[in-house]
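Data file: start_25.cif. Format and content: mmCIF, C-alpha atoms.
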```cif
data_model
#
loop_
_atom_site.group_PDB
_atom_site.id
_atom_site.type_symbol
_atom_site.label_atom_id
_atom_site.label_comp_id
_atom_site.auth_asym_id
_atom_site.auth_seq_id
_atom_site.Cartn_x
_atom_site.Cartn_y
_atom_site.Cartn_z
ATOM 1 C CA MET N 238 0.000 0.000 0.000
ATOM 2 C CA VAL N 239 2.800 2.419 0.888
ATOM 3 C CA TRP N 240 4.661 1.801 -2.348
ATOM 4 C CA GLY N 241 1.393 2.155 -4.234
ATOM 5 C CA LEU N 242 0.702 5.543 -2.667
ATOM 6 C CA LEU N 243 4.237 6.830 -3.220
ATOM 7 C CA GLY N 244 4.541 5.459 -6.760
ATOM 8 C CA GLY N 245 0.992 6.421 -7.732
ATOM 9 C CA GLY N 246 1.419 9.880 -6.258
ATOM 10 C CA ALA N 247 4.647 10.472 -8.141
ATOM 11 C CA ALA N 248 3.137 9.193 -11.407
ATOM 12 C CA ALA N 249 -0.019 11.296 -11.014
ATOM 13 C CA GLY N 250 2.057 14.376 -10.202
ATOM 14 C CA ALA N 251 4.302 13.889 -13.229
ATOM 15 C CA CYS N 252 1.305 13.453 -15.534
ATOM 16 C CA GLY N 253 -0.320 16.506 -13.995
ATOM 17 C CA LEU N 254 2.748 18.639 -14.653
ATOM 18 C CA LEU N 255 2.894 17.507 -18.267
ATOM 19 C CA LEU N 256 -0.790 18.210 -18.876
ATOM 20 C CA HIS N 257 -0.649 21.593 -17.215
ATOM 21 C CA PHE N 258 2.617 22.954 -18.592
ATOM 22 C CA TRP N 259 3.760 21.039 -21.691
ATOM 23 C CA PRO N 260 2.881 23.178 -24.732
ATOM 24 C CA VAL N 261 2.089 20.164 -26.926
ATOM 25 C CA LEU N 262 -0.708 19.201 -24.520
ATOM 26 C CA THR N 263 -1.901 22.550 -23.162
ATOM 27 C CA ARG N 264 -3.464 23.407 -26.527
ATOM 28 C CA PHE N 265 -6.255 21.036 -25.526
ATOM 29 C CA GLU N 266 -8.782 22.923 -23.383
ATOM 30 C CA TRP N 267 -9.252 20.026 -20.964
ATOM 31 C CA ALA N 268 -5.542 19.390 -20.372
ATOM 32 C CA PRO N 269 -4.721 22.143 -17.790
ATOM 33 C CA SER N 270 -7.772 21.329 -15.644
ATOM 34 C CA LEU N 271 -6.998 17.622 -15.716
ATOM 35 C CA GLY N 272 -3.390 18.458 -14.908
ATOM 36 C CA ILE N 273 -4.404 20.352 -11.746
ATOM 37 C CA THR N 274 -6.646 17.467 -10.706
ATOM 38 C CA LEU N 275 -3.810 14.980 -11.139
ATOM 39 C CA LEU N 276 -1.378 17.250 -9.294
ATOM 40 C CA ASN N 277 -3.742 17.467 -6.333
ATOM 41 C CA ALA N 278 -4.375 13.727 -6.338
ATOM 42 C CA GLY N 279 -0.649 13.029 -6.560
ATOM 43 C CA ALA N 280 0.101 15.379 -3.665
ATOM 44 C CA TRP N 281 -2.478 13.684 -1.437
ATOM 45 C CA CYS N 282 -1.167 10.231 -2.335
ATOM 46 C CA LEU N 283 2.407 11.272 -1.614
ATOM 47 C CA LEU N 284 1.352 12.807 1.713
ATOM 48 C CA GLY N 285 -0.489 9.618 2.660
ATOM 49 C CA GLY N 286 2.537 7.507 1.768
ATOM 50 C CA VAL N 287 4.913 9.707 3.769
ATOM 51 C CA LEU N 288 2.592 9.610 6.798
ATOM 52 C CA MET N 289 2.395 5.818 6.582
ATOM 53 C CA VAL N 290 6.195 5.543 6.404
ATOM 54 C CA ALA N 291 6.506 7.813 9.462
ATOM 55 C CA SER N 292 3.883 5.685 11.196
ATOM 56 C CA SER N 293 5.762 2.461 10.428
ATOM 57 C CA TYR N 294 9.167 3.697 11.562
ATOM 58 C CA TYR N 295 8.159 5.800 14.555
ATOM 59 C CA GLY N 296 4.488 6.414 15.266
ATOM 60 C CA LYS N 297 3.335 2.820 15.711
ATOM 61 C CA PHE N 298 5.798 2.333 18.573
ATOM 62 C CA ARG N 299 4.409 5.376 20.383
ATOM 63 C CA ALA N 300 0.848 4.130 19.866
ATOM 64 C CA ARG N 301 1.815 0.671 21.144
ATOM 65 C CA ASP N 302 3.525 2.051 24.244
ATOM 66 C CA ARG N 303 0.520 4.216 25.075
ATOM 67 C CA LEU N 304 -1.841 1.249 24.752
ATOM 68 C CA LEU N 305 0.332 -0.935 26.993
ATOM 69 C CA ALA N 306 0.723 1.847 29.560
ATOM 70 C CA ARG N 307 -3.070 2.111 29.744
ATOM 71 C CA LEU N 308 -3.265 -1.564 30.767
ATOM 72 C CA GLN N 309 -1.076 -0.996 33.847
ATOM 73 C CA LEU N 310 0.371 -4.494 33.680
ATOM 74 C CA GLN N 311 1.778 -5.927 36.902
ATOM 75 C CA GLY N 312 4.253 -8.218 35.128
ATOM 76 C CA THR N 313 2.660 -11.554 36.017
ATOM 77 C CA GLU N 314 -0.236 -11.637 33.548
ATOM 78 C CA SER N 315 -0.986 -14.094 30.776
ATOM 79 C CA LEU N 316 -1.649 -12.014 27.645
ATOM 80 C CA LEU N 317 -3.058 -12.881 24.230
ATOM 81 C CA ASP N 318 -2.367 -10.805 21.120
ATOM 82 C CA VAL N 319 -5.025 -11.597 18.506
ATOM 83 C CA GLY N 320 -3.686 -11.212 14.956
ATOM 84 C CA CYS N 321 -0.161 -10.644 16.250
ATOM 85 C CA GLY N 322 1.602 -10.368 12.873
ATOM 86 C CA HIS N 323 5.319 -9.693 13.263
ATOM 87 C CA GLY N 324 4.835 -9.105 16.980
ATOM 88 C CA LEU N 325 4.813 -5.325 17.455
ATOM 89 C CA LEU N 326 2.288 -5.468 20.301
ATOM 90 C CA LEU N 327 3.069 -9.022 21.380
ATOM 91 C CA LEU N 328 6.775 -8.422 21.986
ATOM 92 C CA GLY N 329 6.238 -4.989 23.507
ATOM 93 C CA ALA N 330 3.886 -6.605 26.020
ATOM 94 C CA ALA N 331 6.287 -9.496 26.687
ATOM 95 C CA LYS N 332 8.947 -7.015 27.789
ATOM 96 C CA LEU N 333 6.542 -5.855 30.504
ATOM 97 C CA LEU N 334 5.839 -9.416 31.700
ATOM 98 C CA PRO N 335 9.026 -10.653 33.403
ATOM 99 C CA ASN N 336 6.990 -13.167 35.401
ATOM 100 C CA GLY N 337 4.141 -13.569 32.923
ATOM 101 C CA HIS N 338 3.604 -14.921 29.428
ATOM 102 C CA ALA N 339 2.489 -13.534 26.048
ATOM 103 C CA THR N 340 0.771 -15.632 23.391
ATOM 104 C CA GLY N 341 0.298 -14.553 19.788
ATOM 105 C CA LEU N 342 -2.357 -15.898 17.423
ATOM 106 C CA ASP N 343 -2.476 -15.350 13.660
ATOM 107 C CA LEU N 344 -3.604 -16.801 10.323
ATOM 108 C CA TRP N 345 -0.442 -15.349 8.717
ATOM 109 C CA SER N 346 -2.033 -13.544 5.789
ATOM 110 C CA ARG N 347 0.517 -11.698 3.650
ATOM 111 C CA VAL N 348 -1.922 -9.260 2.057
ATOM 112 C CA ASP N 349 -0.955 -6.350 4.348
ATOM 113 C CA GLN N 350 2.361 -7.619 5.735
ATOM 114 C CA SER N 351 5.234 -9.106 3.764
ATOM 115 C CA ASP N 352 6.945 -12.189 5.215
ATOM 116 C CA ASN N 353 4.136 -12.566 7.753
ATOM 117 C CA SER N 354 4.828 -15.924 9.354
ATOM 118 C CA ARG N 355 5.150 -17.706 12.669
ATOM 119 C CA ALA N 356 8.891 -18.142 12.069
ATOM 120 C CA ALA N 357 9.378 -14.404 11.464
ATOM 121 C CA THR N 358 7.586 -13.525 14.707
ATOM 122 C CA LEU N 359 9.587 -16.049 16.732
ATOM 123 C CA ARG N 360 12.762 -14.677 15.173
ATOM 124 C CA ASN N 361 11.754 -11.175 16.264
ATOM 125 C CA ALA N 362 11.082 -12.484 19.773
ATOM 126 C CA THR N 363 14.623 -13.833 19.903
ATOM 127 C CA LEU N 364 16.063 -10.545 18.658
ATOM 128 C CA GLU N 365 14.082 -8.652 21.319
ATOM 129 C CA GLY N 366 15.257 -11.021 24.062
ATOM 130 C CA VAL N 367 11.794 -12.279 25.061
ATOM 131 C CA ALA N 368 11.650 -15.681 23.354
ATOM 132 C CA ASP N 369 11.426 -17.440 26.732
ATOM 133 C CA ARG N 370 8.114 -15.760 27.565
ATOM 134 C CA VAL N 371 6.460 -15.765 24.124
ATOM 135 C CA ASP N 372 4.372 -18.447 22.443
ATOM 136 C CA VAL N 373 3.008 -18.111 18.894
ATOM 137 C CA ARG N 374 0.063 -20.148 17.631
ATOM 138 C CA ASP N 375 -1.614 -20.665 14.271
ATOM 139 C CA GLY N 376 -5.338 -19.980 14.478
ATOM 140 C CA ASP N 377 -8.472 -18.037 13.587
ATOM 141 C CA MET N 378 -9.657 -15.380 16.039
ATOM 142 C CA ARG N 379 -13.245 -16.378 15.280
ATOM 143 C CA ASN N 380 -12.660 -19.884 16.649
ATOM 144 C CA MET N 381 -9.775 -19.893 19.088
ATOM 145 C CA HIS N 382 -8.590 -23.203 20.486
ATOM 146 C CA PHE N 383 -8.105 -21.926 24.018
ATOM 147 C CA ALA N 384 -10.121 -22.914 27.070
ATOM 148 C CA ASP N 385 -12.570 -20.459 28.616
ATOM 149 C CA ALA N 386 -11.015 -17.891 30.973
ATOM 150 C CA THR N 387 -7.401 -18.531 29.920
ATOM 151 C CA PHE N 388 -5.949 -15.002 29.702
ATOM 152 C CA ASP N 389 -5.733 -11.975 31.984
ATOM 153 C CA VAL N 390 -5.433 -9.583 29.043
ATOM 154 C CA VAL N 391 -6.376 -9.729 25.359
ATOM 155 C CA VAL N 392 -5.075 -7.139 22.892
ATOM 156 C CA ALA N 393 -5.239 -6.603 19.143
ATOM 157 C CA ASN N 394 -3.639 -4.087 16.807
ATOM 158 C CA LEU N 395 -4.969 -3.420 13.289
ATOM 159 C CA ALA N 396 -6.138 -7.022 13.050
ATOM 160 C CA ILE N 397 -9.857 -7.540 13.637
ATOM 161 C CA HIS N 398 -10.918 -5.316 10.719
ATOM 162 C CA ASN N 399 -9.343 -7.932 8.417
ATOM 163 C CA VAL N 400 -12.160 -10.360 9.260
ATOM 164 C CA PRO N 401 -14.255 -9.998 6.091
ATOM 165 C CA THR N 402 -17.788 -9.874 7.536
ATOM 166 C CA ARG N 403 -19.547 -7.907 10.258
ATOM 167 C CA ASP N 404 -20.853 -11.112 11.843
ATOM 168 C CA GLY N 405 -17.346 -12.555 11.736
ATOM 169 C CA ARG N 406 -15.959 -9.544 13.567
ATOM 170 C CA ARG N 407 -18.655 -9.866 16.219
ATOM 171 C CA GLN N 408 -17.808 -13.555 16.576
ATOM 172 C CA ALA N 409 -14.143 -12.625 17.098
ATOM 173 C CA ILE N 410 -15.118 -10.249 19.914
ATOM 174 C CA ARG N 411 -17.253 -12.943 21.547
ATOM 175 C CA GLU N 412 -14.298 -15.319 21.385
ATOM 176 C CA ILE N 413 -12.060 -12.683 22.972
ATOM 177 C CA VAL N 414 -14.493 -12.312 25.864
ATOM 178 C CA ARG N 415 -14.788 -16.100 26.213
ATOM 179 C CA VAL N 416 -11.038 -16.696 26.658
ATOM 180 C CA LEU N 417 -10.680 -13.737 29.041
ATOM 181 C CA LYS N 418 -10.560 -14.402 32.776
ATOM 182 C CA PRO N 419 -13.125 -12.703 35.050
ATOM 183 C CA GLY N 420 -11.682 -9.318 35.949
ATOM 184 C CA GLY N 421 -9.467 -9.394 32.841
ATOM 185 C CA GLN N 422 -9.208 -6.536 30.372
ATOM 186 C CA VAL N 423 -9.160 -5.990 26.628
ATOM 187 C CA ALA N 424 -7.612 -3.286 24.438
ATOM 188 C CA LEU N 425 -8.446 -3.491 20.732
ATOM 189 C CA MET N 426 -6.744 -0.887 18.535
ATOM 190 C CA ASP N 427 -7.948 -0.504 14.964
ATOM 191 C CA LEU N 428 -8.470 2.009 12.169
ATOM 192 C CA LYS N 429 -12.196 1.223 11.849
ATOM 193 C CA ASN N 430 -15.029 -0.786 13.455
ATOM 194 C CA THR N 431 -14.044 0.078 17.039
ATOM 195 C CA GLY N 432 -17.638 1.177 17.681
ATOM 196 C CA LEU N 433 -18.793 -2.307 16.685
ATOM 197 C CA TYR N 434 -16.170 -3.864 18.980
ATOM 198 C CA ALA N 435 -17.396 -1.758 21.885
ATOM 199 C CA ASP N 436 -21.018 -2.652 21.157
ATOM 200 C CA GLU N 437 -20.253 -6.376 21.142
ATOM 201 C CA LEU N 438 -18.170 -6.080 24.321
ATOM 202 C CA ARG N 439 -21.169 -4.496 26.061
ATOM 203 C CA ARG N 440 -23.492 -7.196 24.717
ATOM 204 C CA ALA N 441 -21.122 -9.800 26.153
ATOM 205 C CA GLY N 442 -21.428 -8.230 29.612
ATOM 206 C CA MET N 443 -18.135 -6.349 29.737
ATOM 207 C CA ARG N 444 -17.996 -3.265 31.947
ATOM 208 C CA ASP N 445 -16.219 0.093 31.642
ATOM 209 C CA VAL N 446 -16.315 -0.213 27.852
ATOM 210 C CA ARG N 447 -14.930 2.857 26.108
ATOM 211 C CA VAL N 448 -13.633 3.933 22.714
ATOM 212 C CA SER N 449 -10.695 6.352 22.749
ATOM 213 C CA TRP N 450 -10.246 9.519 20.768
ATOM 214 C CA PRO N 451 -8.379 9.046 17.465
ATOM 215 C CA SER N 452 -4.632 8.580 17.764
ATOM 216 C CA PHE N 453 -2.629 10.119 14.921
ATOM 217 C CA TRP N 454 0.585 8.305 15.798
ATOM 218 C CA ILE N 455 -0.585 5.697 13.278
ATOM 219 C CA TRP N 456 -1.850 6.631 9.812
ATOM 220 C CA PRO N 457 -4.681 6.230 9.028
ATOM 221 C CA PRO N 458 -5.655 7.270 12.589
ATOM 222 C CA VAL N 459 -6.688 4.562 15.047
ATOM 223 C CA ARG N 460 -9.007 4.264 18.039
ATOM 224 C CA THR N 461 -8.867 1.766 20.886
ATOM 225 C CA ALA N 462 -11.854 -0.066 22.366
ATOM 226 C CA THR N 463 -11.235 -1.087 25.969
ATOM 227 C CA GLY N 464 -13.219 -2.902 28.642
ATOM 228 C CA ARG N 465 -13.024 -5.209 31.633
ATOM 229 C CA LYS N 466 -14.744 -8.542 32.176
ATOM 230 C CA GLN N 467 -16.989 -8.646 35.194
ATOM 231 C CA VAL N 468 -16.013 -10.992 37.983
ATOM 232 C CA GLY N 469 -18.415 -13.893 37.780
ATOM 233 C CA ASN N 470 -18.931 -13.666 33.985
ATOM 234 C CA GLY N 471 -18.882 -16.986 32.192
#
```
How would this structure read if it were set down as structure tokens?
Amino acid sequence: MVWGLLGGGAAAGACGLLLHFWPVLTRFEWAPSLGITLLNAGAWCLLGGVLMVASSYYGKFRARDRLLARLQLQGTESLLDVGCGHGLLLLGAAKLLPNGHATGLDLWSRVDQSDNSRAATLRNATLEGVADRVDVRDGDMRNMHFADATFDVVVANLAIHNVPTRDGRRQAIREIVRVLKPGGQVALMDLKNTGLYADELRRAGMRDVRVSWPSFWIWPPVRTATGRKQVGNG
């Protein structure tokens, strides 16, 4: 997507300049107007690409750290990262769990992430020095093979929106609540559908459910749906 925005923006801008300024083309009445349109489109695409690069190299780490700080982890929790990908959130959490454990779950789609694989995530865990407290599983968030009330915390980052249907996303939220221990908490960061996540969390009996203001550390901006499972919930 980033390369598409940068390449498409540059191509649109170049075509716009030619249509607007090249004498051979400007004799056509429609050429200058189309040139301005392409210049504007190219500028917006380039801006989007630059913001996404800045997000990837810097902003996403700030957004991750803010999410983890909000959880106020004690260091002994069992944590699940749903749709963990390369482990940005998973490994950041593992560093805060010296006496706990972090589990990642993913289907390993490579549509949005190159080299997305279990081996790549485990390799990153080794590089970050947390391999001894990280476990990575293959699985679908809509049907997780974990027992009820397994985890103290469940998190997700830019993952649940990839489930293709609305009902599927609701099923994923129900599964998250199912594997969460009574008193446990969730934090689900995404660029869309966070209102739906919050609605399903409330339907499942979660308390203190909230959706944050947009965070512009990641582009496109993200919100985080949070909540806590009531003690005594099944």
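Atom pair atom CA of Leu342 of chain N / atom CA of Ser354 of chain N: separated by 10.8 Å.
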- Task: Tell me, as a ChimeraX atom specification, which residues lie within 8 Å of Leu276 of chain N, counting only C-alpha atoms; anything in the same chain fewer than 4 positions away does not count.
- Result: /N:249-254,272,280
Output file for the selection above: C-alpha atoms, as a short mmCIF file (atom, residue, chain, number, x, y, z; two decimals), in the coordinates of the input:
```cif
data_model
loop_
_atom_site.label_atom_id
_atom_site.label_comp_id
_atom_site.auth_asym_id
_atom_site.auth_seq_id
_atom_site.Cartn_x
_atom_site.Cartn_y
_atom_site.Cartn_z
CA ALA N 249 -0.02 11.30 -11.01
CA GLY N 250 2.06 14.38 -10.20
CA ALA N 251 4.30 13.89 -13.23
CA CYS N 252 1.30 13.45 -15.53
CA GLY N 253 -0.32 16.51 -14.00
CA LEU N 254 2.75 18.64 -14.65
CA GLY N 272 -3.39 18.46 -14.91
CA ALA N 280 0.10 15.38 -3.66
#
```
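Counting from atom CA of Arg465 of chain N, the distance to atom CA of Gly341 of chain N is 20.1 Å.
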- Item | Spatial neighbours of Trp345 of chain N, max dist 9 Å, all atoms listed in the file, sep filter under 3 positions, as a PyMOL selection string | chain N and resi 320-322+342+350+352-355+375-376
- Do a neighbour search on Lys418 of chain N at 6 Å with only C-alpha atoms, toss out local chain neighbours closer than 2 positions, and write the hits as a PyMOL selection string. chain N and resi 386-389+421
- Query: Applied to this file, what does the PyMOL selection byres ((chain N and resi 331) around 9) return in terms of residues, put as a PyMOL selection string?
  - Reply: chain N and resi 312+316+326-330+332-335+337-340+362+367-368+370-371
- Expressed in Å, the length from atom CA of Asp302 of chain N to atom CA of Trp240 of chain N is 26.6 Å
- Task: Convert the output of the PyMOL selection byres ((chain N and resi 438) around 10) on the shown file into explicit residues, formatted as a ChimeraX atom specification.
- Result: /N:407,410-411,413-414,423,432-437,439-447,462-466
- Item | Asp427 of chain N surroundings by only C-alpha atoms, 6 Å radius, close-in-sequence under 6 positions cut, as a ChimeraX atom specification | /N:394-395,459-460
- Task: Can you give me, as a PyMOL selection string, the residues this file yields under the PyMOL selection byres ((chain N and resi 292) around 12)?
- Result: chain N and resi 239+285-291+293-301+452-459
Write a file of the just-selected residues containing C-alpha atoms, as a PDB file, in the coordinates of the input.
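Output saved as result.pdb:
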```pdb
ATOM      1  CA  VAL N 239       2.800   2.419   0.888  1.00  0.00           C
ATOM      2  CA  GLY N 285      -0.489   9.618   2.660  1.00  0.00           C
ATOM      3  CA  GLY N 286       2.537   7.507   1.768  1.00  0.00           C
ATOM      4  CA  VAL N 287       4.913   9.707   3.769  1.00  0.00           C
ATOM      5  CA  LEU N 288       2.592   9.610   6.798  1.00  0.00           C
ATOM      6  CA  MET N 289       2.395   5.818   6.582  1.00  0.00           C
ATOM      7  CA  VAL N 290       6.195   5.543   6.404  1.00  0.00           C
ATOM      8  CA  ALA N 291       6.506   7.813   9.462  1.00  0.00           C
ATOM      9  CA  SER N 293       5.762   2.461  10.428  1.00  0.00           C
ATOM     10  CA  TYR N 294       9.167   3.697  11.562  1.00  0.00           C
ATOM     11  CA  TYR N 295       8.159   5.800  14.555  1.00  0.00           C
ATOM     12  CA  GLY N 296       4.488   6.414  15.266  1.00  0.00           C
ATOM     13  CA  LYS N 297       3.335   2.820  15.711  1.00  0.00           C
ATOM     14  CA  PHE N 298       5.798   2.333  18.573  1.00  0.00           C
ATOM     15  CA  ARG N 299       4.409   5.376  20.383  1.00  0.00           C
ATOM     16  CA  ALA N 300       0.848   4.130  19.866  1.00  0.00           C
ATOM     17  CA  ARG N 301       1.815   0.671  21.144  1.00  0.00           C
ATOM     18  CA  SER N 452      -4.632   8.580  17.764  1.00  0.00           C
ATOM     19  CA  PHE N 453      -2.629  10.119  14.921  1.00  0.00           C
ATOM     20  CA  TRP N 454       0.585   8.305  15.798  1.00  0.00           C
ATOM     21  CA  ILE N 455      -0.585   5.697  13.278  1.00  0.00           C
ATOM     22  CA  TRP N 456      -1.850   6.631   9.812  1.00  0.00           C
ATOM     23  CA  PRO N 457      -4.681   6.230   9.028  1.00  0.00           C
ATOM     24  CA  PRO N 458      -5.655   7.270  12.589  1.00  0.00           C
ATOM     25  CA  VAL N 459      -6.688   4.562  15.047  1.00  0.00           C
TER      26      VAL N 459
END
```
- Query: With distances taken over all atoms listed in the file, which of N:Glu314, N:Asp343, N:Glu266, N:Asp369 is nearest to Ala393 of chain N?
  - Reply: N:Asp343
Emit as lines of an AutoDock Vina configuration file the padded axis-aligned box for all listed atoms of segment 349-364 of chain N, 4 Å per side, with centre and edge lengths in Å to one decimal.
```
center_x = 7.6
center_y = -12.2
center_z = 11.8
size_x = 25.0
size_y = 19.8
size_z = 24.1
```
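Among the candidates N:Met426, N:Ala247, N:Met378, N:Val390, the one nearest to Gly405 of chain N when counting all atoms listed in the file is N:Met378.
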